[in-house]
>>> print(open('structure_8.cif').read())   # mmCIF, C-alpha atoms and all ligand atoms
data_entry
loop_
_atom_site.label_atom_id
_atom_site.label_comp_id
_atom_site.auth_asym_id
_atom_site.auth_seq_id
_atom_site.Cartn_x
_atom_site.Cartn_y
_atom_site.Cartn_z
CA VAL A 691 52.57 100.80 89.62
CA ARG A 692 49.97 98.48 91.08
CA THR A 693 49.03 98.83 94.72
CA VAL A 694 47.81 95.88 96.74
CA ARG A 695 46.39 96.73 100.16
CA VAL A 696 46.92 94.30 103.02
CA GLU A 697 43.98 94.92 105.35
CA VAL A 698 45.35 93.96 108.74
CA ALA A 699 44.44 95.69 112.01
CA PRO A 700 45.48 98.01 113.46
CA ARG A 701 47.52 99.23 110.51
CA PRO A 702 46.90 98.14 106.93
CA TYR A 703 49.80 98.52 104.50
CA ASP A 704 50.51 98.57 100.80
CA VAL A 705 52.44 96.28 98.53
CA LEU A 706 53.63 98.30 95.52
CA VAL A 707 54.23 96.16 92.45
CA GLY A 708 55.94 97.16 89.22
CA ALA A 709 59.16 97.81 87.35
CA GLY A 710 61.17 100.50 89.15
CA VAL A 711 59.06 100.77 92.34
CA ARG A 712 62.26 100.57 94.42
CA HIS A 713 62.70 104.23 93.54
CA GLU A 714 59.59 105.00 95.61
CA LEU A 715 61.38 103.91 98.78
CA MET A 716 62.12 107.43 100.02
CA GLN A 717 58.53 108.63 99.60
CA VAL A 718 57.16 105.44 101.10
CA ILE A 719 59.33 105.74 104.21
CA ALA A 720 58.42 109.41 104.60
CA ALA A 721 54.76 108.39 104.56
CA VAL A 722 54.86 105.33 106.80
CA ALA A 723 57.65 106.30 109.21
CA PRO A 724 57.62 110.11 109.30
CA ALA A 725 59.61 110.29 112.55
CA ALA A 726 62.46 108.11 111.27
CA LYS A 727 65.92 109.67 111.10
CA MET A 728 67.85 106.53 110.26
CA ALA A 729 67.37 103.57 107.96
CA ILE A 730 69.32 100.34 108.27
CA LEU A 731 69.26 98.26 105.13
CA VAL A 732 69.67 94.55 105.77
CA THR A 733 70.68 92.62 102.69
CA GLN A 734 72.92 89.90 101.22
CA GLN A 735 76.14 89.96 99.22
CA SER A 736 74.52 88.83 95.96
CA LEU A 737 72.26 91.89 96.04
CA VAL A 738 75.18 94.20 96.76
CA ASP A 739 77.10 92.55 93.90
CA ALA A 740 74.14 92.97 91.55
CA GLY A 741 74.23 96.70 92.36
CA TRP A 742 70.71 96.80 93.77
CA THR A 743 71.69 98.42 97.08
CA THR A 744 73.56 101.37 95.56
CA ASP A 745 70.53 102.98 93.99
CA LEU A 746 68.22 102.63 96.99
CA ALA A 747 67.63 106.02 98.58
CA THR A 748 65.85 106.39 101.90
CA GLY A 749 66.40 110.12 102.40
CA LEU A 750 67.69 109.33 105.90
CA ALA A 751 71.02 108.51 107.50
CA GLN A 752 71.52 105.15 105.81
CA TYR A 753 73.59 102.09 106.70
CA VAL A 754 73.90 98.72 105.02
CA LEU A 755 74.31 95.45 106.93
CA VAL A 756 75.07 92.26 104.99
CA ILE A 757 73.92 88.93 106.38
CA GLY A 758 74.85 85.43 105.24
CA ASP A 759 73.12 83.27 102.69
CA GLY A 760 70.91 80.22 102.89
CA GLU A 761 69.00 78.39 105.60
CA ASP A 762 72.08 77.97 107.85
CA ALA A 763 72.40 81.73 108.15
CA LYS A 764 68.69 82.06 108.95
CA SER A 765 69.59 81.72 112.60
CA MET A 766 69.48 83.27 116.06
CA ALA A 767 73.21 83.99 115.64
CA THR A 768 72.50 86.17 112.60
CA VAL A 769 69.68 87.96 114.44
CA GLU A 770 71.92 88.57 117.44
CA THR A 771 74.64 90.06 115.25
CA LEU A 772 72.05 92.35 113.67
CA LEU A 773 70.75 93.46 117.07
CA HIS A 774 74.29 94.38 118.21
CA ASP A 775 74.77 96.34 114.99
CA PHE A 776 71.44 98.13 115.51
CA VAL A 777 72.64 99.26 118.97
CA ARG A 778 76.08 100.25 117.66
CA LEU A 779 74.53 102.38 114.90
CA GLY A 780 72.03 103.94 117.32
CA LEU A 781 68.78 102.70 115.77
CA SER A 782 65.83 104.08 117.74
CA ARG A 783 62.24 102.92 118.00
CA HIS A 784 61.18 105.59 115.50
CA ASP A 785 63.71 104.56 112.89
CA VAL A 786 63.24 102.01 110.20
CA VAL A 787 64.80 98.73 109.07
CA VAL A 788 64.69 98.02 105.35
CA ALA A 789 64.91 94.36 104.37
CA VAL A 790 66.37 94.17 100.86
CA GLY A 791 66.24 90.60 99.67
CA GLY A 792 64.23 87.44 99.33
CA GLY A 793 62.26 85.56 101.97
CA MET A 794 65.39 84.76 103.92
CA VAL A 795 66.24 88.43 104.44
CA SER A 796 62.68 89.54 105.20
CA ASP A 797 62.23 86.67 107.68
CA VAL A 798 65.48 87.49 109.52
CA ALA A 799 65.42 91.30 109.31
CA GLY A 800 61.69 91.34 110.08
CA PHE A 801 62.27 89.23 113.17
CA ALA A 802 65.18 91.40 114.35
CA ALA A 803 62.92 94.44 113.85
CA ALA A 804 60.10 92.70 115.76
CA ILE A 805 62.17 92.18 118.88
CA PHE A 806 64.49 95.21 118.86
CA HIS A 807 63.10 97.77 121.35
CA ARG A 808 60.02 95.49 121.38
CA GLY A 809 59.33 96.33 117.77
CA VAL A 810 60.67 98.82 115.24
CA GLY A 811 59.07 99.35 111.87
CA TYR A 812 60.43 97.72 108.74
CA VAL A 813 59.88 98.04 105.04
CA THR A 814 60.64 95.18 102.68
CA VAL A 815 62.13 95.58 99.23
CA ALA A 816 61.35 92.09 97.97
CA THR A 817 63.94 90.91 95.46
CA THR A 818 62.89 87.34 94.66
CA LEU A 819 59.76 86.20 92.90
CA LEU A 820 58.90 84.04 95.91
CA ALA A 821 59.22 87.00 98.27
CA GLN A 822 57.16 89.26 96.01
CA VAL A 823 54.23 86.88 95.77
CA ASP A 824 54.49 85.28 99.19
CA ALA A 825 57.21 85.62 101.85
CA ALA A 826 57.33 89.44 102.09
CA ILE A 827 53.59 89.71 102.64
CA GLY A 828 51.85 88.74 105.85
CA GLY A 829 54.22 89.54 108.68
CA LYS A 830 55.43 86.06 109.49
CA THR A 831 59.05 86.56 110.52
CA GLY A 832 61.52 84.21 112.12
CA VAL A 833 64.53 81.96 112.01
CA ASN A 834 65.48 78.29 112.09
CA LEU A 835 66.86 76.32 115.03
CA GLU A 836 69.15 73.33 114.60
CA GLU A 837 66.09 71.23 115.42
CA GLY A 838 64.00 72.53 112.57
CA LYS A 839 62.95 75.28 110.18
CA ASN A 840 61.11 78.42 111.30
CA LEU A 841 60.79 77.26 114.92
CA VAL A 842 61.26 80.75 116.36
CA GLY A 843 59.52 83.85 115.17
CA ALA A 844 56.97 86.59 115.58
CA PHE A 845 54.09 88.09 113.68
CA HIS A 846 55.33 91.56 112.75
CA GLN A 847 53.72 93.20 109.76
CA PRO A 848 55.90 95.39 107.55
CA LEU A 849 55.08 99.10 107.09
CA ALA A 850 55.15 98.60 103.33
CA VAL A 851 56.43 96.18 100.70
CA LEU A 852 58.05 97.18 97.42
CA ALA A 853 57.94 94.43 94.81
CA ASP A 854 60.11 95.80 92.02
CA THR A 855 59.98 93.38 89.11
CA ASP A 856 63.16 94.94 87.60
CA LEU A 857 65.07 93.25 90.42
CA LEU A 858 64.13 89.84 89.10
CA ALA A 859 66.47 90.34 86.11
CA THR A 860 69.43 89.04 88.12
CA LEU A 861 67.59 86.23 89.91
CA PRO A 862 69.24 82.81 89.37
CA PRO A 863 67.04 80.32 87.39
CA ARG A 864 66.61 78.06 90.41
CA GLU A 865 65.12 80.97 92.37
CA VAL A 866 62.83 81.79 89.43
CA ALA A 867 61.55 78.20 89.59
CA CYS A 868 60.89 78.67 93.32
CA GLY A 869 58.68 81.66 92.67
CA ARG A 870 56.89 79.97 89.79
CA GLY A 871 55.92 77.03 91.98
CA GLU A 872 54.20 79.42 94.36
CA MET A 873 52.54 81.28 91.49
CA ALA A 874 51.15 78.00 90.16
CA LYS A 875 49.64 77.45 93.61
CA TYR A 876 47.83 80.79 93.51
CA ALA A 877 46.15 79.81 90.25
CA PHE A 878 43.98 77.47 92.32
CA LEU A 879 43.38 79.71 95.32
CA ASP A 880 41.38 82.26 93.41
CA VAL A 881 37.87 80.87 93.55
CA GLY A 882 35.67 81.87 90.66
CA LYS A 883 38.50 82.79 88.27
CA PRO A 884 39.70 80.37 85.59
CA SER A 885 43.02 79.05 86.81
CA VAL A 886 44.82 79.34 83.47
CA ALA A 887 44.11 83.08 83.23
CA LEU A 888 47.20 83.74 85.35
CA LEU A 889 49.40 82.24 82.63
CA SER A 890 48.34 84.87 80.12
CA TYR A 891 49.25 87.88 82.31
CA ASP A 892 52.52 89.76 81.99
CA LEU A 893 54.97 89.44 84.88
CA ASP A 894 53.86 92.58 86.73
CA GLU A 895 50.23 91.47 86.52
CA GLN A 896 51.10 87.98 87.68
CA VAL A 897 53.00 89.28 90.71
CA ALA A 898 50.26 91.77 91.60
CA HIS A 899 47.56 89.17 91.19
CA CYS A 900 49.33 86.61 93.40
CA ALA A 901 50.18 89.29 95.98
CA GLU A 902 46.50 90.21 96.05
CA ILE A 903 45.47 86.64 96.84
CA LYS A 904 48.11 86.38 99.56
CA ALA A 905 46.98 89.74 100.98
CA ARG A 906 43.38 88.59 101.03
CA VAL A 907 44.19 85.35 102.82
CA VAL A 908 46.38 87.15 105.37
CA ALA A 909 43.72 89.79 106.02
CA ASN A 910 41.17 87.08 106.75
CA ASP A 911 43.45 84.99 108.91
CA GLU A 912 46.47 86.92 110.14
CA ARG A 913 47.46 84.39 112.81
CA GLU A 914 47.10 81.28 110.69
CA THR A 915 44.23 79.59 112.43
CA GLY A 916 42.33 78.47 109.37
CA LEU A 917 42.19 80.02 105.92
CA ARG A 918 45.92 80.72 105.84
CA MET A 919 46.42 76.96 105.71
CA THR A 920 45.24 77.06 102.11
CA LEU A 921 48.55 78.77 101.29
CA ASN A 922 50.02 75.39 102.07
CA TYR A 923 48.42 73.98 98.92
CA GLY A 924 50.90 71.58 97.30
CA HIS A 925 53.32 71.93 100.21
CA THR A 926 52.68 68.75 102.19
CA LEU A 927 54.21 66.48 99.58
CA ALA A 928 56.73 69.23 98.71
CA HIS A 929 58.07 69.26 102.28
CA ALA A 930 58.40 65.47 102.21
CA LEU A 931 60.27 65.61 98.88
CA GLU A 932 62.55 68.30 100.27
CA ALA A 933 63.21 66.20 103.38
CA VAL A 934 64.23 63.24 101.18
CA GLY A 935 66.40 65.56 99.09
CA LEU A 936 68.06 67.01 102.20
CA ASP A 937 68.84 63.54 103.51
CA ASP A 938 70.22 62.45 100.14
CA ARG A 939 72.49 65.49 99.98
CA ALA A 940 73.64 64.96 103.58
CA HIS A 941 74.68 61.42 102.63
CA GLY A 942 76.29 62.42 99.36
CA ARG A 943 73.65 60.69 97.24
CA ASP A 944 73.17 62.46 93.92
CA THR A 945 69.50 61.56 93.38
CA PRO A 946 66.84 63.46 91.39
CA SER A 947 65.26 64.46 94.73
CA ALA A 948 68.56 65.96 95.90
CA GLN A 949 68.38 68.40 92.96
CA LEU A 950 64.82 69.66 93.53
CA ALA A 951 64.29 73.36 94.26
CA HIS A 952 61.46 74.27 96.65
CA GLY A 953 59.19 75.57 93.89
CA GLU A 954 59.78 72.46 91.80
CA ALA A 955 58.71 70.37 94.77
CA VAL A 956 55.61 72.54 95.23
CA ALA A 957 54.71 72.08 91.57
CA ILE A 958 54.83 68.29 91.91
CA GLY A 959 52.94 68.63 95.19
CA LEU A 960 50.16 70.50 93.38
CA VAL A 961 49.76 67.78 90.78
CA PHE A 962 49.80 65.13 93.51
CA ALA A 963 47.18 67.04 95.52
CA ALA A 964 44.96 67.22 92.44
CA ARG A 965 45.30 63.49 91.81
CA LEU A 966 44.56 62.76 95.45
CA ALA A 967 41.49 65.00 95.32
CA ARG A 968 40.41 63.08 92.19
CA ALA A 969 40.89 59.74 93.99
CA LEU A 970 38.67 61.08 96.77
CA ASP A 971 36.05 62.15 94.19
CA ARG A 972 36.42 65.81 95.13
CA ILE A 973 37.27 66.95 91.59
CA ASP A 974 37.07 65.52 88.06
CA ASP A 975 39.73 64.53 85.50
CA GLU A 976 39.46 67.86 83.75
CA ARG A 977 40.41 69.70 86.92
CA VAL A 978 43.44 67.41 87.36
CA GLU A 979 44.53 68.20 83.79
CA LEU A 980 44.16 71.89 84.57
CA HIS A 981 46.65 71.52 87.40
CA GLU A 982 49.09 69.85 85.02
CA ARG A 983 48.56 72.56 82.43
CA VAL A 984 49.20 75.37 84.89
CA VAL A 985 52.31 73.70 86.32
CA GLN A 986 53.66 73.08 82.80
CA GLY A 987 52.69 76.63 81.84
CA PHE A 988 55.10 77.87 84.51
CA ASP A 989 57.83 75.64 83.00
CA LEU A 990 57.79 73.20 85.88
CA SER A 991 57.69 69.42 85.88
CA THR A 992 54.59 67.47 86.91
CA GLN A 993 56.56 64.24 87.42
CA LEU A 994 57.56 62.71 90.73
CA PRO A 995 61.36 62.18 90.77
CA SER A 996 62.39 58.53 90.38
CA GLY A 997 63.53 56.32 93.24
CA LEU A 998 61.01 57.40 95.89
CA ARG A 999 59.16 55.06 98.23
CA ALA A 1000 55.48 55.80 98.92
CA GLN A 1001 55.68 54.63 102.54
CA GLU A 1002 58.63 56.87 103.33
CA LEU A 1003 56.85 59.88 101.85
CA ILE A 1004 53.69 59.08 103.83
CA GLU A 1005 55.66 58.88 107.09
CA LEU A 1006 57.29 62.22 106.34
CA MET A 1007 53.95 63.82 105.45
CA ALA A 1008 52.30 62.59 108.65
CA ARG A 1009 55.11 64.31 110.57
CA ASP A 1010 54.73 67.61 108.72
CA LYS A 1011 54.32 70.39 111.30
CA LYS A 1012 51.31 71.87 109.60
CA ALA A 1013 49.58 68.49 109.23
CA HIS A 1014 49.20 68.16 113.02
CA HIS A 1015 50.41 64.53 113.10
CA ASP A 1016 47.58 63.35 110.92
CA LEU A 1017 47.39 62.86 107.16
CA THR A 1018 45.90 66.26 106.48
CA PHE A 1019 46.09 67.71 103.00
CA VAL A 1020 44.94 70.95 101.50
CA LEU A 1021 42.77 69.76 98.61
CA ASP A 1022 40.72 71.21 95.82
CA GLY A 1023 36.99 70.60 95.73
CA VAL A 1024 33.63 72.17 94.92
CA ARG A 1025 34.10 74.80 97.66
CA GLY A 1026 37.61 75.55 96.43
CA VAL A 1027 40.84 74.62 98.17
CA GLU A 1028 40.47 73.61 101.84
CA PRO A 1029 42.17 71.45 104.50
CA VAL A 1030 40.92 67.85 104.57
CA ARG A 1031 41.81 65.79 107.63
CA SER A 1032 42.36 62.09 108.37
CA ILE A 1033 42.87 60.90 104.81
CA ASP A 1034 43.21 57.14 104.33
CA PRO A 1035 46.94 56.36 103.88
CA VAL A 1036 46.04 53.60 101.42
CA ILE A 1037 44.55 56.14 98.98
CA VAL A 1038 47.59 58.38 99.44
CA ALA A 1039 49.91 55.43 98.74
CA THR A 1040 47.94 54.41 95.63
CA THR A 1041 48.12 57.96 94.29
CA LEU A 1042 51.88 58.12 94.87
CA VAL A 1043 52.41 54.73 93.20
CA GLU A 1044 50.32 55.86 90.22
CA MET A 1045 52.71 58.81 89.96
CA GLY A 1046 55.67 56.42 89.82
CA ALA A 1047 56.74 55.90 93.45
CA ASP A 1048 57.68 52.42 94.64
CA SER A 1049 55.14 50.95 97.03
N1 LIG B 1101 57.47 84.59 105.99
C1 LIG B 1101 56.78 83.91 105.12
O1 LIG B 1101 55.55 84.01 105.03
C2 LIG B 1101 57.51 83.00 104.18
C3 LIG B 1101 56.83 82.39 103.12
C4 LIG B 1101 57.55 81.59 102.24
C5 LIG B 1101 58.91 81.39 102.42
N2 LIG B 1101 59.55 81.99 103.47
C6 LIG B 1101 61.00 81.80 103.68
O2 LIG B 1101 61.67 82.42 102.60
C7 LIG B 1101 62.94 81.82 102.45
C8 LIG B 1101 63.22 81.60 100.99
O3 LIG B 1101 63.17 82.84 100.36
P1 LIG B 1101 63.54 83.03 98.83
O4 LIG B 1101 63.02 81.90 98.04
O5 LIG B 1101 63.13 84.39 98.48
O6 LIG B 1101 65.11 82.83 98.81
P2 LIG B 1101 66.30 83.60 99.51
O7 LIG B 1101 65.85 84.80 100.21
O8 LIG B 1101 67.06 82.59 100.29
O9 LIG B 1101 67.16 84.05 98.23
C9 LIG B 1101 67.74 83.07 97.40
C10 LIG B 1101 69.07 83.55 96.85
O10 LIG B 1101 68.87 84.52 95.84
C11 LIG B 1101 69.65 85.68 96.10
N3 LIG B 1101 68.89 86.80 95.56
C12 LIG B 1101 67.77 87.34 96.05
N4 LIG B 1101 67.29 88.27 95.22
C13 LIG B 1101 68.15 88.35 94.18
C14 LIG B 1101 68.20 89.13 93.00
N5 LIG B 1101 67.23 90.00 92.70
N6 LIG B 1101 69.24 88.95 92.18
C15 LIG B 1101 70.21 88.03 92.45
N7 LIG B 1101 70.20 87.25 93.54
C16 LIG B 1101 69.19 87.42 94.40
C17 LIG B 1101 69.80 85.69 97.59
O11 LIG B 1101 70.91 86.48 97.99
C18 LIG B 1101 69.99 84.21 97.88
O12 LIG B 1101 71.29 83.84 97.63
C19 LIG B 1101 62.93 80.55 103.27
O13 LIG B 1101 63.73 80.71 104.41
C20 LIG B 1101 61.46 80.39 103.66
O14 LIG B 1101 61.31 79.77 104.91
C21 LIG B 1101 58.87 82.79 104.33
#
>>> encode(input="structure_8.cif", output="C-alpha cells", more="lines below")
Ligand SMILES: NC(=O)c1ccc[n+]([C@@H]2O[C@H](COP(=O)([O-])OP(=O)(O)OC[C@H]3O[C@@H](n4cnc5c(N)ncnc54)[C@H](O)[C@@H]3O)[C@@H](O)[C@H]2O)c1
Amino acid sequence: VRTVRVEVAPRPYDVLVGAGVRHELMQVIAAVAPAAKMAILVTQQSLVDAGWTTDLATGLAQYVLVIGDGEDAKSMATVETLLHDFVRLGLSRHDVVVAVGGGMVSDVAGFAAAIFHRGVGYVTVATTLLAQVDAAIGGKTGVNLEEGKNLVGAFHQPLAVLADTDLLATLPPREVACGRGEMAKYAFLDVGKPSVALLSYDLDEQVAHCAEIKARVVANDERETGLRMTLNYGHTLAHALEAVGLDDRAHGRDTPSAQLAHGEAVAIGLVFAARLARALDRIDDERVELHERVVQGFDLSTQLPSGLRAQELIELMARDKKAHHDLTFVLDGVRGVEPVRSIDPVIVATTLVEMGADS
C-alpha cells in the first residue's frame, strides 16, 4: 500500500493506493471518524453489479444508496434525493458518507455531504482511473445545472481516499482511456523528472505518482487561484472538442468528434498545447515529440479528429470558463507548465490547421 498525504489545513488526509486497499475501509473510518455510528454508501448500479459494494465493510450500521449514471444525473435533483434519504436513515453530523464510484459519485456524494447538517465527513472509494488520479483528490465537489457543467458546488475535502487498483479490472475501456488522458497530463506537471518515466511504472506506481502530483498541487492552491490551473493542462482544446462532439451528438451527426471520450480529447489537447508552445518558442521540437511519445505510450491518439474548423474551436476556447474570456492556455516552457494569457488567435489557428483542422 502506498500512502499519499494531502496537506490541506486544517486537516490533512491520506490517499491509500494499491490492490485491495478497499479492505482497509473499516480501519480508515475508525481512525478518521471515530464517533461515527452509521455509514451511508453512495454508489451506482454498475458498481453494485460488479460486486464491489458487497465486500465493503465499514464496521458500522451500513446502508447503500444508488444514484443514476452520467452527467444528467449529476444534478441538484440527485443531491436532493440523497439528502432526503440521509434524513430518513437518520444520518448525524458525526456519521460518515462513503462515495463508492468514479468522479461523478464523489462529486455528487461529496457535495451532499458538504451541505447536509452544514457538512458531514465523507470517505471516497475511488473506482475509476480518473477518480484515483484526479477527481477524488482535492475536495472539489458539485453538480451540473442545465446551463452548464459543475456550476454549483463546494470545497469539501474528504476524510480519506481509497484508490484500490483491483477495482479497475471491471472498468469499461472508454473509462480507462479517460484516466490515461489525465495520467499523460501528469507526465508534464512533474518538473525535474523525465516525463517518459511514468510510462515504465506499474499501474499502482503510476496511480500513486499521479495522485502525489495532484495532492501537491491541491496543497499549494486549495481554492484554485493559481497553481491548480496547471491541472487544466491539455483541457482547453479538450473542452472545445467535447463541446463540438456534444453538439454533433445532439444533432444526430456521427462524426469522429462525437465519439471522443474525455481522456482522448485531453490527449489531443496535450499534443496541441505542446505544438502551440513550440510555435511561441517556449519549447523545442524534442519536447513536442516527448508529448507525442507519452500520449502514444498511454495508447491514445495524437491526431485531431477530421472535419473540425479552426475558427469554431477558437471561439469555443475563448468561451471556456477557466480561460476567463481570453485565449489563455496552460503551456509548457522553461519554468514548467504555467498559464499563458492573451495568446494571438492567428498562432492558435495556424497550429490547429497544421494539425489538420480546416481554416
Ligand atoms: N472534483 C474534481 O476535482 C473532478 C476532477 C475531474 C473530473 N471530475 C468529474 O468526474 C466526472 C467523471 O468521472 P469519471 O471519469 O470517474 O466517470 P464516472 O464517475 O461518470 O464513471 C463512469 C462510468 O463507469 C462506471 N464505473 C465506475 N467505476 C467502475 C468500475 N470499477 N467498474 C465498472 N464500472 C465502473 C460508472 O458507474 C459510470 O457508469 C465528471 O462529472 C467530472 O466533472 C471531477
>>> atom_distance(input="structure_8.cif", atom1="atom CA of A:Val798", atom2="atom CA of A:Ala898")
23.9 Å
>>> closest_atom_pairs(input="structure_8.cif", of="chain A", to="ligand LIG 1101 (chain B)", cutoff="6 Å", atoms="all atoms listed in the file", output="tab-separated table")
residue	atom	partner	partner_atom	distance
A:Gln734	CA	B:LIG1101	O11	5.1
A:Ser736	CA	B:LIG1101	O11	4.8
A:Leu737	CA	B:LIG1101	C15	5.7
A:Asp759	CA	B:LIG1101	O12	5.4
A:Gly760	CA	B:LIG1101	O8	5.2
A:Glu761	CA	B:LIG1101	O13	5.9
A:Gly791	CA	B:LIG1101	C12	5.1
A:Gly792	CA	B:LIG1101	O7	3.2
A:Gly793	CA	B:LIG1101	O2	3.3
A:Met794	CA	B:LIG1101	O7	3.7
A:Val795	CA	B:LIG1101	O7	5.6
A:Asp797	CA	B:LIG1101	N1	5.5
A:Thr817	CA	B:LIG1101	N4	4.3
A:Thr818	CA	B:LIG1101	N4	4.5
A:Leu820	CA	B:LIG1101	O5	5.0
A:Ala821	CA	B:LIG1101	O5	4.7
A:Asp824	CA	B:LIG1101	C3	5.4
A:Ala825	CA	B:LIG1101	C3	3.5
A:Lys830	CA	B:LIG1101	N1	4.3
A:Thr831	CA	B:LIG1101	N1	5.2
A:Leu857	CA	B:LIG1101	N5	4.5
A:Leu858	CA	B:LIG1101	N5	4.8
A:Thr860	CA	B:LIG1101	N6	4.1
A:Leu861	CA	B:LIG1101	N6	3.9
>>> residues_around(input="structure_8.cif", residues="A:Gly710", least_positions_apart="2", cutoff="10 Å", atoms="all atoms listed in the file", output="list in words")
Val691, Val707, Gly708, Arg712, His713, Glu714, Leu852, Ala853, Asp854, Thr855, Asp856 and Leu857 of chain A
>>> residues_around(input="structure_8.cif", residues="A:Glu912", least_positions_apart="3", cutoff="12 Å", atoms="all atoms listed in the file", output="JSON, numbers by chain")
{"A": [696, 697, 698, 699, 700, 702, 827, 828, 829, 830, 844, 845, 846, 847, 904, 905, 906, 907, 908, 909, 915, 916, 917, 918, 919]}
>>> residues_near_point(input="structure_8.cif", point="(58.7, 76.0, 108.5)", cutoff="12 Å", atoms="all atoms listed in the file", output="VMD selection string")
chain A and resid 761 764 794 797 825 830 to 835 837 to 843 922 925 to 926 929 932 to 933 1010 to 1013
>>> residues_around(input="structure_8.cif", residues="stretch 719-727 of chain A", least_positions_apart="2", cutoff="8 Å", atoms="all atoms listed in the file", output="list in words")
Leu715, Met716, Gln717, Ala729, Thr748, Leu750, Ala751, His784, Asp785, Val786, Gly811, Val813, Leu849 and Ala850 of chain A
>>> atom_distance(input="structure_8.cif", atom1="atom CA of A:Arg1031", atom2="atom CA of A:Val961")
18.7 Å
>>> closest_residue(input="structure_8.cif", among="A:Asp880, A:Thr945, A:Gly953, A:Thr814", to="A:Gly997", atoms="only C-alpha atoms")
A:Thr945
>>> atom_distance(input="structure_8.cif", atom1="atom CA of A:Phe988", atom2="atom CA of A:Gly871")
7.6 Å
